[in-house]
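The file run20.tsv contains TSV, C-alpha atoms and all ligand atoms:
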```tsv
chain	number	residue	atom	x	y	z
A	1	MET	CA	-44.23	-98.02	-120.41
A	2	GLU	CA	-41.79	-100.15	-122.41
A	3	GLN	CA	-39.36	-97.23	-122.37
A	4	ILE	CA	-39.73	-96.90	-118.61
A	5	VAL	CA	-39.02	-100.59	-117.99
A	6	LYS	CA	-35.98	-100.33	-120.25
A	7	ALA	CA	-34.83	-97.20	-118.42
A	8	ALA	CA	-35.08	-99.00	-115.06
A	9	ASN	CA	-32.91	-101.76	-116.48
A	10	GLN	CA	-30.35	-99.29	-117.76
A	11	LEU	CA	-30.19	-97.63	-114.33
A	12	ASN	CA	-29.67	-101.03	-112.76
A	13	LYS	CA	-26.80	-101.74	-115.15
A	14	GLY	CA	-25.10	-98.48	-114.14
A	15	PHE	CA	-26.13	-96.24	-117.04
A	16	LEU	CA	-27.64	-92.78	-116.78
A	17	VAL	CA	-31.30	-91.94	-117.33
A	18	ALA	CA	-32.56	-88.38	-117.63
A	19	PHE	CA	-36.20	-88.23	-116.56
A	20	PRO	CA	-38.99	-85.68	-116.14
A	21	THR	CA	-40.18	-84.43	-112.77
A	22	GLU	CA	-42.79	-81.81	-111.94
A	23	THR	CA	-40.02	-79.33	-111.03
A	24	VAL	CA	-37.28	-79.80	-113.65
A	25	TYR	CA	-35.75	-82.75	-115.51
A	26	GLY	CA	-33.19	-84.77	-113.54
A	27	LEU	CA	-30.11	-86.68	-114.69
A	28	GLY	CA	-30.36	-89.94	-112.78
A	29	ALA	CA	-28.10	-92.78	-111.71
A	30	ASP	CA	-28.46	-95.68	-109.28
A	31	ALA	CA	-27.68	-93.95	-105.97
A	32	THR	CA	-25.78	-97.03	-104.76
A	33	ASN	CA	-23.51	-97.33	-107.82
A	34	GLU	CA	-20.35	-95.26	-107.43
A	35	ASN	CA	-19.23	-95.36	-111.07
A	36	ALA	CA	-22.67	-94.41	-112.30
A	37	VAL	CA	-22.92	-91.50	-109.87
A	38	LEU	CA	-19.43	-90.28	-110.79
A	39	ARG	CA	-20.53	-90.11	-114.41
A	40	ILE	CA	-23.25	-87.62	-113.47
A	41	PHE	CA	-20.55	-85.25	-112.24
A	42	GLU	CA	-18.55	-85.76	-115.43
A	43	VAL	CA	-21.48	-85.17	-117.76
A	44	LYS	CA	-22.54	-82.04	-115.87
A	45	ASN	CA	-19.01	-80.70	-115.21
A	46	ARG	CA	-20.13	-80.50	-111.63
A	47	PRO	CA	-17.66	-80.23	-108.71
A	48	SER	CA	-17.66	-83.59	-106.91
A	49	ASN	CA	-18.20	-82.11	-103.43
A	50	HIS	CA	-21.60	-80.83	-104.53
A	51	PRO	CA	-24.20	-83.23	-103.02
A	52	LEU	CA	-26.97	-84.90	-105.03
A	53	ILE	CA	-30.65	-85.34	-104.21
A	54	VAL	CA	-31.80	-88.96	-103.93
A	55	HIS	CA	-35.23	-89.69	-105.41
A	56	ILE	CA	-37.34	-92.51	-104.00
A	57	GLY	CA	-40.81	-93.88	-104.77
A	58	SER	CA	-42.41	-94.24	-101.35
A	59	ILE	CA	-42.19	-92.95	-97.77
A	60	ASN	CA	-41.68	-96.56	-96.62
A	61	GLU	CA	-38.25	-96.50	-98.27
A	62	LEU	CA	-37.13	-93.48	-96.26
A	63	GLU	CA	-35.66	-95.48	-93.40
A	64	ASN	CA	-33.46	-97.39	-95.81
A	65	TRP	CA	-31.52	-94.25	-96.65
A	66	THR	CA	-31.83	-92.09	-93.54
A	67	LYS	CA	-31.81	-92.30	-89.75
A	68	ASP	CA	-33.05	-90.27	-86.77
A	69	VAL	CA	-35.80	-88.71	-88.91
A	70	PRO	CA	-37.65	-86.17	-86.73
A	71	GLU	CA	-41.43	-86.55	-86.44
A	72	TYR	CA	-41.97	-83.19	-88.16
A	73	ALA	CA	-40.10	-84.45	-91.24
A	74	TYR	CA	-42.48	-87.40	-91.47
A	75	ALA	CA	-45.37	-84.96	-91.12
A	76	LEU	CA	-44.00	-82.83	-93.98
A	77	ALA	CA	-43.40	-85.93	-96.09
A	78	ARG	CA	-46.91	-87.26	-95.51
A	79	LYS	CA	-48.42	-83.91	-96.43
A	80	TYR	CA	-46.30	-82.83	-99.40
A	81	TRP	CA	-44.88	-85.99	-101.00
A	82	PRO	CA	-44.98	-86.80	-103.82
A	83	GLY	CA	-44.18	-83.16	-104.49
A	84	PRO	CA	-41.69	-80.35	-105.02
A	85	MET	CA	-39.99	-80.70	-101.63
A	86	THR	CA	-36.57	-82.11	-100.71
A	87	LEU	CA	-35.83	-82.99	-97.09
A	88	ILE	CA	-32.25	-82.91	-95.80
A	89	LEU	CA	-31.90	-85.75	-93.27
A	90	ILE	CA	-29.14	-87.68	-91.51
A	91	ARG	CA	-27.98	-90.38	-93.93
A	92	SER	CA	-27.93	-94.10	-93.14
A	93	LYS	CA	-24.91	-96.26	-93.92
A	94	ASN	CA	-26.50	-97.11	-97.29
A	95	ILE	CA	-25.81	-93.61	-98.60
A	96	LYS	CA	-22.16	-93.21	-99.43
A	97	ASP	CA	-19.82	-90.24	-99.67
A	98	PHE	CA	-19.99	-90.19	-103.47
A	99	VAL	CA	-23.64	-89.08	-103.24
A	100	THR	CA	-23.34	-86.54	-100.41
A	101	GLY	CA	-19.90	-85.12	-101.14
A	102	GLY	CA	-18.82	-86.52	-97.78
A	103	GLN	CA	-21.57	-84.85	-95.74
A	104	ASP	CA	-23.44	-86.84	-93.06
A	105	THR	CA	-26.74	-85.66	-94.48
A	106	VAL	CA	-28.68	-86.57	-97.60
A	107	GLY	CA	-31.40	-84.79	-99.56
A	108	ILE	CA	-34.42	-87.01	-100.32
A	109	ARG	CA	-37.46	-86.37	-102.51
A	110	ILE	CA	-40.46	-88.22	-103.94
A	111	PRO	CA	-41.24	-86.41	-107.20
A	112	ASN	CA	-44.83	-85.90	-108.32
A	113	ASN	CA	-44.62	-86.97	-111.94
A	114	GLU	CA	-46.16	-90.07	-113.45
A	115	THR	CA	-43.12	-91.08	-115.52
A	116	ALA	CA	-40.75	-90.51	-112.61
A	117	LEU	CA	-42.90	-92.50	-110.19
A	118	LEU	CA	-43.25	-95.42	-112.63
A	119	LEU	CA	-39.50	-95.38	-113.21
A	120	LEU	CA	-38.85	-95.46	-109.45
A	121	LYS	CA	-41.33	-98.30	-109.01
A	122	GLU	CA	-39.81	-100.39	-111.80
A	123	PHE	CA	-36.31	-99.70	-110.52
A	124	LYS	CA	-37.34	-100.76	-107.00
A	125	LYS	CA	-38.48	-104.16	-108.38
A	126	ILE	CA	-35.06	-104.98	-109.79
A	127	GLY	CA	-32.60	-102.74	-107.96
A	128	SER	CA	-32.04	-100.21	-105.18
A	129	GLY	CA	-35.02	-98.04	-106.11
A	130	ALA	CA	-33.02	-94.91	-105.24
A	131	ILE	CA	-32.11	-92.52	-108.05
A	132	ALA	CA	-29.49	-89.85	-107.38
A	133	ALA	CA	-30.28	-86.98	-109.70
A	134	PRO	CA	-29.33	-83.34	-110.04
A	135	SER	CA	-31.03	-81.14	-112.61
A	136	ALA	CA	-30.10	-82.37	-116.11
A	137	ASN	CA	-28.11	-79.31	-117.20
A	138	LYS	CA	-24.46	-78.32	-117.33
A	139	PHE	CA	-23.25	-77.01	-113.98
A	140	GLY	CA	-24.28	-73.40	-113.33
A	141	LYS	CA	-26.62	-73.27	-116.32
A	142	VAL	CA	-30.39	-73.10	-116.64
A	143	SER	CA	-32.31	-76.21	-115.53
A	144	PRO	CA	-34.20	-78.12	-118.25
A	145	THR	CA	-37.99	-78.17	-118.14
A	146	SER	CA	-38.62	-80.19	-121.32
A	147	TYR	CA	-37.30	-83.28	-123.08
A	148	GLN	CA	-35.91	-81.10	-125.87
A	149	HIS	CA	-33.93	-78.97	-123.40
A	150	VAL	CA	-32.18	-82.10	-122.12
A	151	VAL	CA	-31.49	-83.38	-125.64
A	152	ASN	CA	-30.01	-80.01	-126.64
A	153	GLU	CA	-27.89	-79.75	-123.55
A	154	LEU	CA	-26.63	-83.26	-122.86
A	155	SER	CA	-27.02	-85.59	-125.85
A	156	ASN	CA	-23.39	-85.05	-126.90
A	157	ASP	CA	-22.21	-86.21	-123.49
A	158	LEU	CA	-24.48	-89.23	-123.08
A	159	GLY	CA	-23.64	-92.68	-124.44
A	160	GLU	CA	-25.79	-95.07	-126.44
A	161	ASN	CA	-26.78	-97.00	-123.31
A	162	ASP	CA	-27.92	-93.89	-121.46
A	163	MET	CA	-31.48	-92.70	-121.95
A	164	ILE	CA	-33.58	-89.55	-121.90
A	165	LEU	CA	-37.26	-90.11	-121.04
A	166	ASP	CA	-39.84	-87.76	-122.51
A	167	GLY	CA	-42.50	-86.58	-120.06
A	168	GLY	CA	-43.56	-83.33	-121.66
A	169	ASN	CA	-43.07	-80.00	-119.92
A	170	SER	CA	-42.37	-79.79	-116.19
A	171	GLU	CA	-45.52	-78.48	-114.55
A	172	ILE	CA	-43.88	-76.28	-111.95
A	173	GLY	CA	-40.69	-75.29	-113.71
A	174	LEU	CA	-38.55	-74.41	-110.66
A	175	GLU	CA	-36.47	-76.76	-108.51
A	176	SER	CA	-37.88	-78.19	-105.29
A	177	THR	CA	-37.98	-76.41	-101.95
A	178	ILE	CA	-35.06	-77.75	-99.88
A	179	ILE	CA	-35.71	-78.03	-96.15
A	180	ASP	CA	-33.01	-78.85	-93.62
A	181	CYS	CA	-34.59	-81.29	-91.16
A	182	THR	CA	-31.48	-82.05	-89.11
A	183	THR	CA	-32.24	-79.60	-86.31
A	184	GLU	CA	-35.08	-79.09	-83.83
A	185	PHE	CA	-36.90	-76.73	-86.18
A	186	PRO	CA	-36.60	-76.92	-89.97
A	187	ARG	CA	-34.92	-74.29	-92.13
A	188	ILE	CA	-35.51	-73.49	-95.79
A	189	LEU	CA	-32.24	-73.82	-97.73
A	190	ARG	CA	-33.74	-73.18	-101.17
A	191	PRO	CA	-37.22	-71.73	-101.75
A	192	GLY	CA	-39.53	-73.55	-104.18
A	193	ALA	CA	-43.17	-74.32	-104.86
A	194	ILE	CA	-43.76	-75.62	-101.33
A	195	SER	CA	-43.89	-72.28	-99.56
A	196	GLU	CA	-42.89	-71.08	-96.12
A	197	LYS	CA	-46.59	-70.76	-95.31
A	198	GLN	CA	-47.26	-74.38	-96.26
A	199	ILE	CA	-44.37	-75.57	-94.11
A	200	ASN	CA	-45.54	-73.46	-91.17
A	201	GLU	CA	-48.91	-75.21	-91.37
A	202	ILE	CA	-47.11	-78.41	-90.35
A	203	ILE	CA	-44.22	-77.23	-88.20
A	204	GLN	CA	-42.95	-73.83	-87.19
A	205	LEU	CA	-39.81	-72.89	-89.11
A	206	ASP	CA	-36.70	-71.91	-87.19
A	207	LEU	CA	-37.26	-68.18	-87.08
A	208	ASN	CA	-33.78	-67.21	-85.90
A	209	ASN	CA	-32.16	-69.11	-88.65
A	210	LYS	CA	-34.32	-68.49	-91.66
A	211	GLU	CA	-33.06	-69.05	-95.20
A	212	THR	CA	-29.54	-69.85	-94.18
A	213	GLU	CA	-27.09	-70.04	-97.04
A	214	MET	CA	-27.05	-73.45	-98.56
A	215	ARG	CA	-23.84	-75.26	-97.77
A	216	PHE	CA	-22.92	-75.69	-101.41
A	217	SER	CA	-25.34	-74.44	-104.00
A	218	GLY	CA	-25.93	-71.08	-102.31
A	219	SER	CA	-22.26	-70.40	-102.11
A	220	PHE	CA	-21.88	-70.41	-105.88
A	221	LYS	CA	-22.98	-66.95	-106.79
A	222	SER	CA	-23.83	-67.47	-110.43
A	223	HIS	CA	-26.31	-70.25	-111.12
A	224	TYR	CA	-29.33	-70.89	-113.29
A	225	ALA	CA	-27.69	-68.52	-115.79
A	226	PRO	CA	-28.13	-68.28	-119.57
A	227	ASN	CA	-25.38	-66.82	-121.78
A	228	ALA	CA	-27.33	-63.60	-122.14
A	229	LYS	CA	-26.80	-61.13	-119.31
A	230	VAL	CA	-29.82	-61.14	-117.00
A	231	LEU	CA	-30.79	-57.74	-115.60
A	232	LEU	CA	-33.57	-57.24	-113.07
A	233	ASP	CA	-36.24	-54.55	-112.98
A	234	GLU	CA	-34.50	-52.23	-115.44
A	235	ILE	CA	-36.08	-50.34	-118.29
A	236	PRO	CA	-35.36	-52.43	-121.41
A	237	LYS	CA	-33.50	-50.79	-124.30
A	238	PRO	CA	-34.00	-51.50	-128.01
A	239	GLY	CA	-32.62	-54.95	-128.83
A	240	ASP	CA	-33.03	-56.28	-125.28
A	241	GLY	CA	-35.15	-59.31	-124.48
A	242	LEU	CA	-37.97	-58.85	-121.98
A	243	ILE	CA	-39.72	-61.23	-119.58
A	244	ALA	CA	-42.48	-59.68	-117.51
A	245	LEU	CA	-46.06	-60.36	-116.49
A	246	ASN	CA	-48.51	-59.92	-119.28
A	247	ASP	CA	-49.74	-56.48	-118.17
A	248	PHE	CA	-46.27	-54.93	-118.58
A	249	VAL	CA	-46.22	-53.13	-121.92
A	250	THR	CA	-43.35	-53.95	-124.30
A	251	PRO	CA	-41.38	-50.80	-125.21
A	252	ASN	CA	-40.58	-50.18	-128.90
A	253	ASP	CA	-37.93	-52.45	-130.46
A	254	VAL	CA	-37.71	-54.63	-127.38
A	255	ILE	CA	-38.03	-58.38	-127.97
A	256	ARG	CA	-40.75	-59.81	-125.78
A	257	ILE	CA	-39.74	-63.36	-124.91
A	258	GLY	CA	-42.09	-63.98	-122.02
A	259	ALA	CA	-45.47	-62.56	-121.03
A	260	PRO	CA	-46.90	-64.95	-118.43
A	261	GLU	CA	-50.41	-64.29	-117.18
A	262	ASN	CA	-49.77	-65.25	-113.58
A	263	ILE	CA	-47.06	-66.32	-111.14
A	264	GLU	CA	-47.49	-70.04	-111.85
A	265	GLU	CA	-47.00	-69.49	-115.55
A	266	PHE	CA	-44.05	-67.22	-114.81
A	267	ALA	CA	-42.34	-70.05	-112.94
A	268	ARG	CA	-43.32	-72.72	-115.47
A	269	ASN	CA	-41.92	-70.78	-118.44
A	270	LEU	CA	-39.00	-68.93	-116.87
A	271	TYR	CA	-36.25	-71.38	-117.82
A	272	SER	CA	-37.49	-71.96	-121.35
A	273	ASP	CA	-37.78	-68.18	-121.77
A	274	LEU	CA	-34.18	-67.73	-120.61
A	275	ARG	CA	-33.14	-70.41	-123.10
A	276	LYS	CA	-35.03	-68.54	-125.82
A	277	ALA	CA	-32.90	-65.47	-125.11
A	278	ASP	CA	-29.84	-67.57	-125.97
A	279	GLU	CA	-31.44	-69.09	-129.06
A	280	LEU	CA	-32.06	-65.54	-130.28
A	281	ASN	CA	-28.46	-64.65	-129.42
A	282	LEU	CA	-29.56	-61.76	-127.26
A	283	LYS	CA	-26.90	-59.93	-125.28
A	284	ARG	CA	-29.25	-58.85	-122.51
A	285	VAL	CA	-32.53	-59.97	-121.12
A	286	ILE	CA	-34.47	-57.78	-118.72
A	287	VAL	CA	-36.74	-59.52	-116.23
A	288	ILE	CA	-39.38	-57.57	-114.33
A	289	GLN	CA	-39.68	-59.58	-111.13
A	290	PRO	CA	-43.08	-60.64	-109.85
A	291	GLN	CA	-44.00	-59.38	-106.38
A	292	GLY	CA	-45.58	-61.40	-103.62
A	293	ASP	CA	-45.03	-64.45	-101.41
A	294	GLU	CA	-45.06	-68.16	-102.09
A	295	LEU	CA	-43.89	-69.07	-105.61
A	296	ALA	CA	-42.77	-65.49	-106.33
A	297	VAL	CA	-40.14	-65.89	-103.60
A	298	ALA	CA	-38.64	-68.85	-105.46
A	299	ILE	CA	-38.73	-67.01	-108.78
A	300	ARG	CA	-36.85	-64.04	-107.29
A	301	ASP	CA	-34.31	-66.38	-105.68
A	302	ARG	CA	-33.45	-67.97	-109.05
A	303	LEU	CA	-33.41	-64.61	-110.82
A	304	LYS	CA	-31.02	-63.18	-108.28
A	305	LYS	CA	-28.59	-66.01	-109.01
A	306	ALA	CA	-29.18	-65.92	-112.77
A	307	SER	CA	-28.39	-62.20	-112.78
A	308	HIS	CA	-25.17	-62.43	-110.83
B	401	LIG	O1	-36.40	-80.15	-108.03
B	401	LIG	C1	-35.29	-80.57	-107.78
B	401	LIG	O2	-34.82	-80.55	-106.63
B	401	LIG	C2	-34.47	-81.17	-108.94
B	401	LIG	C3	-35.18	-82.42	-109.43
B	401	LIG	C4	-34.39	-83.14	-110.50
B	401	LIG	O3	-35.47	-83.26	-108.35
B	401	LIG	N1	-33.14	-81.44	-108.54
B	401	LIG	C5	-32.21	-80.47	-108.32
B	401	LIG	O4	-30.95	-80.98	-108.04
B	401	LIG	O5	-32.45	-79.29	-108.37
B	401	LIG	P1	-29.64	-80.07	-108.07
B	401	LIG	O6	-28.52	-81.01	-107.78
B	401	LIG	O7	-29.57	-79.30	-109.31
B	401	LIG	O8	-29.81	-79.17	-106.83
B	401	LIG	C6	-29.88	-79.78	-105.57
B	401	LIG	C7	-29.31	-78.92	-104.52
B	401	LIG	C8	-27.83	-78.76	-104.70
B	401	LIG	O9	-27.56	-77.41	-104.90
B	401	LIG	C9	-27.23	-79.25	-103.42
B	401	LIG	O10	-26.28	-78.37	-102.91
B	401	LIG	C10	-28.40	-79.35	-102.47
B	401	LIG	O11	-29.50	-79.58	-103.28
B	401	LIG	N2	-28.20	-80.49	-101.59
B	401	LIG	C11	-28.22	-81.78	-101.91
B	401	LIG	N3	-27.91	-82.54	-100.84
B	401	LIG	C12	-27.69	-81.70	-99.81
B	401	LIG	C13	-27.31	-81.86	-98.46
B	401	LIG	N4	-27.09	-83.07	-97.93
B	401	LIG	N5	-27.18	-80.76	-97.70
B	401	LIG	C14	-27.38	-79.52	-98.22
B	401	LIG	N6	-27.72	-79.30	-99.51
B	401	LIG	C15	-27.87	-80.37	-100.29
B	402	MG	MG	-29.23	-77.80	-110.56
```
What is this structure when it is put down as structure tokens?
Amino acid sequence: MEQIVKAANQLNKGFLVAFPTETVYGLGADATNENAVLRIFEVKNRPSNHPLIVHIGSINELENWTKDVPEYAYALARKYWPGPMTLILIRSKNIKDFVTGGQDTVGIRIPNNETALLLLKEFKKIGSGAIAAPSANKFGKVSPTSYQHVVNELSNDLGENDMILDGGNSEIGLESTIIDCTTEFPRILRPGAISEKQINEIIQLDLNNKETEMRFSGSFKSHYAPNAKVLLDEIPKPGDGLIALNDFVTPNDVIRIGAPENIEEFARNLYSDLRKADELNLKRVIVIQPQGDELAVAIRDRLKKASH
């Protein structure tokens, strides 16, 4: 708790705090502090027109940062927040261009992680309570799902007043579902643990306009990528790494780096498995994609980008 209070103070002073969420670790800054937010882009090597997600601690704070929120977005928020879901909404005047890359919309999420929620609460007591945070990895690389991943990836770029909070392993392991809520019917921009089916239980998705390319992220073809070449659904050769569900038999001389027992475990371990391929200096890693709906859709989306 002491660390969390300190982290809230550091955010308020304009420093960066990497923190755990249930999806992946984020690299956070006070969403109202331009210099702090600009440092996120520097540390990540991220293009500055690439918008950030703003994390808040309670639905009551939504109207501070957004306007013209459709009723269905409130319904989604009430049902799935805190949780792995980001809503794209019209921004209020309190959200500046340096967060949205100049867009009139902003992505908002309440994460479902104890450390993250305590941090947001403490930060709300003393400051804006809004934390702009992308995943805490270098641009285009694999998202971190543990404290150690963030330390390995960013500690050289962070200063002594920045902090990395330890919250164990991210439970879900894949980034949030992003839903565009700026039109009459919502559209999924990035699949995640909140599935199409779960959204349809609340509001019918825009069927003509499903899974539209994301304005920024989707347009970068390679993303979520380790140094090893990721190949999908191929027969692994000797010396290759292999990630596949447990029941897939490892061929001779292939290095088994992941054997999850189910789809949830596949998602949870995918990024650390991809990092393992790099630690082992593998040239190639073969991933046998899981079939099915829901979380498997999100896994295949990330693998498609990782393999580009
Ligand atoms: O689970 C997550 O969403 C994690 C954790 C830390 O919350 N965050 C995350 O952030 O994945 P990031 O920046 O790595 O990916 C967010 C994506 C970006 O690709 C960005 O293009 C998209 O969200 N995004 C953010 N604001 C947007 C907006 N206003 N319109 C369209 N896309 C937006
Ligand atoms: Mg990211």
Check your understanding: Residues within 8 Å of ligand LIG 401 (chain B) (only C-alpha atoms and all ligand atoms), as an MDAnalysis selection string?
Key -> chainID A and resid 20:27 50:53 55 84:86 88:89 100 103:109 111 133:136 143 174:178 180 189:190 214:218
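Pairwise distance (atom CA of A:Ile172, atom CA of A:Gln204) equals 24.9 Å.
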Can you tell me, as a PDB file with C-alpha atoms, in the coordinates of the input, what residues are no more than 10 Å from A:Pro70 when counting all atoms listed in the file, ignoring any on the same chain fewer than 5 positions away?
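Okay, selection.pdb is ready:
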```pdb
ATOM      1  CA  ALA A  75     -45.370 -84.960 -91.120  1.00  0.00           C
ATOM      2  CA  LEU A  89     -31.900 -85.750 -93.270  1.00  0.00           C
ATOM      3  CA  ILE A  90     -29.140 -87.680 -91.510  1.00  0.00           C
ATOM      4  CA  CYS A 181     -34.590 -81.290 -91.160  1.00  0.00           C
ATOM      5  CA  THR A 182     -31.480 -82.050 -89.110  1.00  0.00           C
ATOM      6  CA  THR A 183     -32.240 -79.600 -86.310  1.00  0.00           C
ATOM      7  CA  GLU A 184     -35.080 -79.090 -83.830  1.00  0.00           C
ATOM      8  CA  PHE A 185     -36.900 -76.730 -86.180  1.00  0.00           C
ATOM      9  CA  PRO A 186     -36.600 -76.920 -89.970  1.00  0.00           C
TER      10      PRO A 186
END
```
Check your understanding: Expressed in Å to a single decimal, how great is the separation between atom CA of A:Lys44 and atom CA of A:His308?
Key -> 20.4 Å
Review point. Out of A:Asn152, A:Asn246, A:Asn269, A:Asn227, which residue has the shortest atom-to-atom distance to A:Asn281 when counting only C-alpha atoms?
Key: A:Asn227
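Between atom CA of A:Ala130 and atom CA of A:His149 the interatomic distance comes to 24.2 Å.
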